[in-house]
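Chemist: Dropping the structure in here first, questions after.
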Amino acid sequence: MSTLILVRHGQSLWNLENRFTGWQNIDITAEGIKEAEHAGKELSGQTIDIAFTSTLIRAQHTLDIIIAQCKLQNLPVITASQLNERSYGSLEGLNKAETAKKFGEEQVHIWRRSFDVAPPDGESLKDTYNRVIPYFKKEILPYLLQNKNVLIVAHGNSLRALIMFLEELNVQEIVEREIPTGKPLIYNLNKQSLEKLQIATGGR
Ligand SMILES: O=C(O)[C@@H](CO)OP(=O)(O)O
C-alpha cells in the first residue's frame with residue numbers, strides 16, 4: 001500500500017483577481033500562504049518519502065510551506081515542467097468574467113473545462129493530459145510501486161488531468177471536476193490498483 005497526495009497550490013494573486021494564469025509565473029497571496037500552512041498541518045504526521053512539483057513559483061512556494069510545516073526539510077523534491085499548469089495561450093492575463101462577456105459564457109466554459117478544445121494558442125486538457133500522464137507513469141509511479149508515499153504539488157488543470165487518469169473519469173465527468181486550492185487529496189493505492197495504472201494507457 002502506498003499513498004499519493006495531490007495538492008493544488010494556494011490561492012495565487014491572479015486567482016484572486018480572476019485572471020487566466022496558465023504558464024504565467026504568479027506567486028501565492030497571503031490567503032494562499034494560509035491555505036498552504038493549513039495543508040501542511042493536515043499532512044503533519046503523514047509519512048512522505050518524495051515530492052514532485054512544477055517549475056512555477058505558486059506550486060513551489062506552496063510546497064516549501066508544507067515542507068516547513070511538516071518539518072520535512074530533508075524531503076527529496078523533483079521539479080518538472082510536465083506538471084506545470086495548462087497553457088491558456090492568448091487568454092493569459094485576461095479577466096475571466098470580462099472574457100465571458102466578450103466571447104460568451106458557454107465558449108469560455110468550453111475553453112476552461114472541456115477535454116479537447118484548446119483556448120487560442122493554448123493547451124487543451126487533452127494536451128495537458130498527454131504530457132502529465134506519461135511523466136507520471138515514467139517518473140512517479142515507480143516510487144508508488146516501491147511502497148513510497150508521494151506528494152505532488154501542482155495546478156488545477158495538471159491535477160485534473162492526473163485525477164482523470166487515477167479515477168478513470170471520462171471526458172464528460174472531468175468537465176464537472178473542480179480542484180480547490182490548498183486542500184490535500186489523498187489516494188491510498190494498493191498493489192492491484194497500482195498495477196492497473198501501470199498498464200493503463202498513458203496517452204489519449
Ligand atoms: O487560470 C488558470 O490557469 C486556471 C487555474 O487557476 O484557471 P481555470 O480554473 O479557469 O482553468
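Residue names in the C-alpha cells use chain letters A, B, ... in the order shown, residue numbers from 1 in each chain, and ligand numbers from 1 in the order shown.
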Might you pull out every residue within 8 Å of Leu151 in chain A, with only C-alpha atoms counted and same-chain residues fewer than 5 positions away left off, and present them as a ChimeraX atom specification?
Modeler: /A:4-7,48,50-52
Chemist: Print the selection's residues with C-alpha atoms to a file, as a compact mmCIF listing (two decimals), in the first residue's frame.
Modeler:
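New file again_29.txt:
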# COMPACT_ATOMS: atom_id res chain seq x y z
CA LEU A 4 -0.35 9.61 -3.22
CA ILE A 5 -1.18 13.11 -2.03
CA LEU A 6 -2.19 15.79 -4.51
CA VAL A 7 -2.26 19.47 -3.54
CA ILE A 48 6.02 11.38 2.81
CA ILE A 50 9.38 12.27 -2.02
CA ALA A 51 7.69 15.34 -3.50
CA PHE A 52 7.14 16.45 -7.08
Chemist: I want to know what sits within 9 Å of Trp14 in chain A, based on only C-alpha atoms, with residues of the same chain fewer than 4 positions away left out; could you give that as a ChimeraX atom specification?
Modeler: /A:18-21,26-28,93,95
Chemist: With N, CA and C atoms kept, could you save the residues just selected as a CSV table (one decimal), in the first residue's frame?
Modeler:
chain,number,residue,atom,x,y,z
A,18,ASN,N,-9.2,36.9,-10.5
A,18,ASN,CA,-10.0,36.2,-11.5
A,18,ASN,C,-9.4,36.3,-13.0
A,19,ARG,N,-8.1,36.2,-13.1
A,19,ARG,CA,-7.4,36.3,-14.4
A,19,ARG,C,-6.9,34.9,-14.8
A,20,PHE,N,-7.0,34.6,-16.1
A,20,PHE,CA,-6.4,33.4,-16.7
A,20,PHE,C,-4.9,33.4,-16.4
A,21,THR,N,-4.3,32.3,-15.8
A,21,THR,CA,-2.9,32.3,-15.4
A,21,THR,C,-2.1,31.5,-16.3
A,26,ILE,N,3.0,33.5,-11.4
A,26,ILE,CA,2.4,34.3,-10.4
A,26,ILE,C,2.5,33.7,-9.1
A,27,ASP,N,2.9,34.4,-8.0
A,27,ASP,CA,3.0,33.8,-6.7
A,27,ASP,C,1.7,33.8,-6.0
A,28,ILE,N,1.7,33.1,-4.8
A,28,ILE,CA,0.5,33.0,-4.0
A,28,ILE,C,0.3,34.2,-3.1
A,93,GLY,N,-3.7,36.4,-18.6
A,93,GLY,CA,-3.7,37.7,-18.1
A,93,GLY,C,-5.1,38.4,-18.2
A,95,ASN,N,-9.1,38.9,-17.7
A,95,ASN,CA,-10.1,38.7,-16.6
A,95,ASN,C,-11.1,37.7,-17.2
Chemist: Would you name the residues within 9 Å of ligand 1, counting only C-alpha atoms and all ligand atoms, and put them as a VMD selection string?
Modeler: chain A and resid 11 to 12 14 to 15 18 to 24 85 to 88 91 to 93 96 108 to 109 111 to 113 155 to 157 178 to 179 181
Chemist: Take the residues from that selection and write them out as an mmCIF file, in the first residue's frame, keeping N, CA and C atoms.
Modeler:
data_model
loop_
_atom_site.group_PDB
_atom_site.id
_atom_site.type_symbol
_atom_site.label_atom_id
_atom_site.label_comp_id
_atom_site.auth_asym_id
_atom_site.auth_seq_id
_atom_site.Cartn_x
_atom_site.Cartn_y
_atom_site.Cartn_z
ATOM 1 N N GLN A 11 -4.066 29.867 -3.042
ATOM 2 C CA GLN A 11 -4.604 30.962 -3.891
ATOM 3 C C GLN A 11 -3.479 31.845 -4.433
ATOM 4 N N SER A 12 -3.486 32.104 -5.734
ATOM 5 C CA SER A 12 -2.483 32.999 -6.327
ATOM 6 C C SER A 12 -3.109 34.384 -6.508
ATOM 7 N N TRP A 14 -3.478 35.994 -9.184
ATOM 8 C CA TRP A 14 -4.399 36.015 -10.330
ATOM 9 C C TRP A 14 -5.637 35.154 -10.103
ATOM 10 N N ASN A 15 -5.578 34.171 -9.179
ATOM 11 C CA ASN A 15 -6.828 33.500 -8.768
ATOM 12 C C ASN A 15 -7.712 34.553 -8.121
ATOM 13 N N ASN A 18 -9.155 36.879 -10.540
ATOM 14 C CA ASN A 18 -9.961 36.188 -11.540
ATOM 15 C C ASN A 18 -9.407 36.343 -12.959
ATOM 16 N N ARG A 19 -8.078 36.164 -13.072
ATOM 17 C CA ARG A 19 -7.436 36.269 -14.390
ATOM 18 C C ARG A 19 -6.901 34.902 -14.829
ATOM 19 N N PHE A 20 -6.965 34.619 -16.127
ATOM 20 C CA PHE A 20 -6.377 33.382 -16.669
ATOM 21 C C PHE A 20 -4.868 33.415 -16.412
ATOM 22 N N THR A 21 -4.343 32.350 -15.846
ATOM 23 C CA THR A 21 -2.938 32.346 -15.417
ATOM 24 C C THR A 21 -2.069 31.452 -16.287
ATOM 25 N N GLY A 22 -2.422 30.160 -16.388
ATOM 26 C CA GLY A 22 -1.657 29.249 -17.233
ATOM 27 C C GLY A 22 -0.179 29.233 -16.896
ATOM 28 N N TRP A 23 0.651 29.546 -17.896
ATOM 29 C CA TRP A 23 2.105 29.471 -17.713
ATOM 30 C C TRP A 23 2.697 30.742 -17.086
ATOM 31 N N GLN A 24 1.890 31.757 -16.801
ATOM 32 C CA GLN A 24 2.435 32.975 -16.175
ATOM 33 C C GLN A 24 2.891 32.639 -14.749
ATOM 34 N N GLU A 85 0.947 24.129 -15.021
ATOM 35 C CA GLU A 85 -0.451 24.382 -15.397
ATOM 36 C C GLU A 85 -0.579 24.289 -16.920
ATOM 37 N N ARG A 86 -1.810 24.024 -17.401
ATOM 38 C CA ARG A 86 -2.022 24.054 -18.853
ATOM 39 C C ARG A 86 -1.791 25.484 -19.339
ATOM 40 N N SER A 87 -1.276 25.615 -20.555
ATOM 41 C CA SER A 87 -1.110 26.949 -21.121
ATOM 42 C C SER A 87 -2.478 27.482 -21.519
ATOM 43 N N TYR A 88 -2.776 28.725 -21.118
ATOM 44 C CA TYR A 88 -4.023 29.359 -21.556
ATOM 45 C C TYR A 88 -3.794 30.237 -22.787
ATOM 46 N N LEU A 91 -5.219 33.833 -23.825
ATOM 47 C CA LEU A 91 -6.141 34.276 -22.762
ATOM 48 C C LEU A 91 -5.379 34.675 -21.491
ATOM 49 N N GLU A 92 -4.117 34.274 -21.369
ATOM 50 C CA GLU A 92 -3.378 34.525 -20.123
ATOM 51 C C GLU A 92 -3.338 36.023 -19.804
ATOM 52 N N GLY A 93 -3.685 36.354 -18.575
ATOM 53 C CA GLY A 93 -3.691 37.749 -18.133
ATOM 54 C C GLY A 93 -5.063 38.383 -18.229
ATOM 55 N N LYS A 96 -11.412 36.660 -16.341
ATOM 56 C CA LYS A 96 -12.304 35.589 -16.803
ATOM 57 C C LYS A 96 -13.730 36.087 -17.034
ATOM 58 N N VAL A 108 -16.403 30.328 -23.059
ATOM 59 C CA VAL A 108 -15.350 30.384 -22.030
ATOM 60 C C VAL A 108 -15.376 29.113 -21.180
ATOM 61 N N HIS A 109 -16.569 28.593 -20.906
ATOM 62 C CA HIS A 109 -16.671 27.337 -20.154
ATOM 63 C C HIS A 109 -16.026 26.194 -20.955
ATOM 64 N N TRP A 111 -13.608 26.502 -23.183
ATOM 65 C CA TRP A 111 -12.151 26.680 -23.104
ATOM 66 C C TRP A 111 -11.615 26.218 -21.753
ATOM 67 N N ARG A 112 -12.374 26.507 -20.692
ATOM 68 C CA ARG A 112 -11.856 26.212 -19.343
ATOM 69 C C ARG A 112 -12.006 24.746 -18.956
ATOM 70 N N ARG A 113 -13.098 24.106 -19.367
ATOM 71 C CA ARG A 113 -13.394 22.799 -18.780
ATOM 72 C C ARG A 113 -13.543 21.638 -19.761
ATOM 73 N N HIS A 155 -1.150 22.091 -10.136
ATOM 74 C CA HIS A 155 -2.099 23.124 -10.580
ATOM 75 C C HIS A 155 -3.481 22.540 -10.885
ATOM 76 N N GLY A 156 -4.467 23.423 -10.933
ATOM 77 C CA GLY A 156 -5.838 22.997 -11.180
ATOM 78 C C GLY A 156 -5.967 22.028 -12.357
ATOM 79 N N ASN A 157 -5.421 22.413 -13.502
ATOM 80 C CA ASN A 157 -5.657 21.581 -14.693
ATOM 81 C C ASN A 157 -4.639 20.453 -14.862
ATOM 82 N N GLU A 178 -13.778 20.186 -10.127
ATOM 83 C CA GLU A 178 -13.055 21.402 -9.737
ATOM 84 C C GLU A 178 -12.087 21.024 -8.617
ATOM 85 N N ILE A 179 -10.903 21.581 -8.627
ATOM 86 C CA ILE A 179 -9.907 21.244 -7.611
ATOM 87 C C ILE A 179 -9.703 22.459 -6.707
ATOM 88 N N THR A 181 -8.058 25.091 -4.017
ATOM 89 C CA THR A 181 -6.662 25.454 -3.728
ATOM 90 C C THR A 181 -6.294 24.994 -2.311
#
Chemist: Residues at most 6 Å from range 121-127 of chain A, counting only C-alpha atoms, excluding those fewer than 2 positions away in the same chain, as number ranges by chain?
Modeler: A: 86-90, 115-119, 129-130
Chemist: For C-alpha atoms, I'd like the residues from the last selection saved as a PDB file, in the first residue's frame.
Modeler:
ATOM      1  CA  ARG A  86      -2.022  24.054 -18.853  1.00  0.00           C
ATOM      2  CA  SER A  87      -1.110  26.949 -21.121  1.00  0.00           C
ATOM      3  CA  TYR A  88      -4.023  29.359 -21.556  1.00  0.00           C
ATOM      4  CA  GLY A  89      -2.333  30.842 -24.640  1.00  0.00           C
ATOM      5  CA  SER A  90      -3.570  34.304 -25.590  1.00  0.00           C
ATOM      6  CA  PHE A 115     -11.399  17.902 -22.601  1.00  0.00           C
ATOM      7  CA  ASP A 116     -10.227  18.595 -26.104  1.00  0.00           C
ATOM      8  CA  VAL A 117     -10.967  22.204 -27.085  1.00  0.00           C
ATOM      9  CA  ALA A 118      -7.832  24.337 -26.708  1.00  0.00           C
ATOM     10  CA  PRO A 119      -8.058  28.079 -25.978  1.00  0.00           C
ATOM     11  CA  TYR A 129      -3.002  15.019 -20.092  1.00  0.00           C
ATOM     12  CA  ASN A 130      -0.620  13.892 -22.811  1.00  0.00           C
TER      13      ASN A 130
END
Chemist: Please measure the separation of CA of Cys70 in chain A and CA of Leu144 in chain A, giving the value in Å to one decimal.
Modeler: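 Taking CA of Cys70 in chain A as the start and CA of Leu144 in chain A as the end point, the length is 20.5 Å.
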Chemist: Could you give me, as a PDB file with C-alpha atoms, in the first residue's frame, the residues within 12 Å of Gly40 in chain A, counting only C-alpha atoms and dropping anything in the same chain fewer than 5 positions from it?
Modeler:
ATOM      1  CA  ILE A   5      -1.183  13.111  -2.031  1.00  0.00           C
ATOM      2  CA  VAL A   7      -2.265  19.467  -3.543  1.00  0.00           C
ATOM      3  CA  HIS A   9      -1.142  25.473  -4.928  1.00  0.00           C
ATOM      4  CA  GLY A  10      -2.633  28.011  -2.520  1.00  0.00           C
ATOM      5  CA  ILE A  33       0.103  31.119   2.337  1.00  0.00           C
ATOM      6  CA  LYS A  34      -2.559  30.396   4.984  1.00  0.00           C
ATOM      7  CA  GLU A  35      -4.052  27.645   2.811  1.00  0.00           C
ATOM      8  CA  GLY A  45       2.338  13.042  10.853  1.00  0.00           C
ATOM      9  CA  GLN A  46       1.802  11.589   7.390  1.00  0.00           C
ATOM     10  CA  ILE A  48       6.022  11.381   2.813  1.00  0.00           C
ATOM     11  CA  THR A  62       3.136  26.121  -1.544  1.00  0.00           C
ATOM     12  CA  LEU A  63       5.353  23.030  -1.306  1.00  0.00           C
ATOM     13  CA  ASP A  64       8.028  24.949   0.673  1.00  0.00           C
ATOM     14  CA  ILE A  65       5.386  25.970   3.216  1.00  0.00           C
ATOM     15  CA  ILE A  66       4.101  22.385   3.519  1.00  0.00           C
ATOM     16  CA  ILE A  67       7.674  21.114   3.970  1.00  0.00           C
ATOM     17  CA  ALA A  68       8.352  23.680   6.719  1.00  0.00           C
ATOM     18  CA  GLN A  69       5.038  22.961   8.452  1.00  0.00           C
ATOM     19  CA  CYS A  70       5.626  19.181   8.375  1.00  0.00           C
ATOM     20  CA  LYS A  71       9.306  19.595   9.365  1.00  0.00           C
ATOM     21  CA  LEU A  72      10.363  17.629   6.292  1.00  0.00           C
ATOM     22  CA  LEU A 151       3.306  14.287  -2.589  1.00  0.00           C
ATOM     23  CA  VAL A 153       2.003  19.985  -5.534  1.00  0.00           C
ATOM     24  CA  GLY A 182      -4.516  24.144  -0.867  1.00  0.00           C
ATOM     25  CA  LYS A 183      -6.627  21.095   0.020  1.00  0.00           C
ATOM     26  CA  PRO A 184      -4.802  17.747   0.122  1.00  0.00           C
TER      27      PRO A 184
END
Chemist: Which residue, A:Ala80, A:Val171, A:Leu185, A:Leu94, has the smallest gap to Leu43 in chain A when you use only C-alpha atoms?
Modeler: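 Ranking A:Ala80, A:Val171, A:Leu185, A:Leu94 by distance to Leu43 in chain A, first place goes to A:Leu185.
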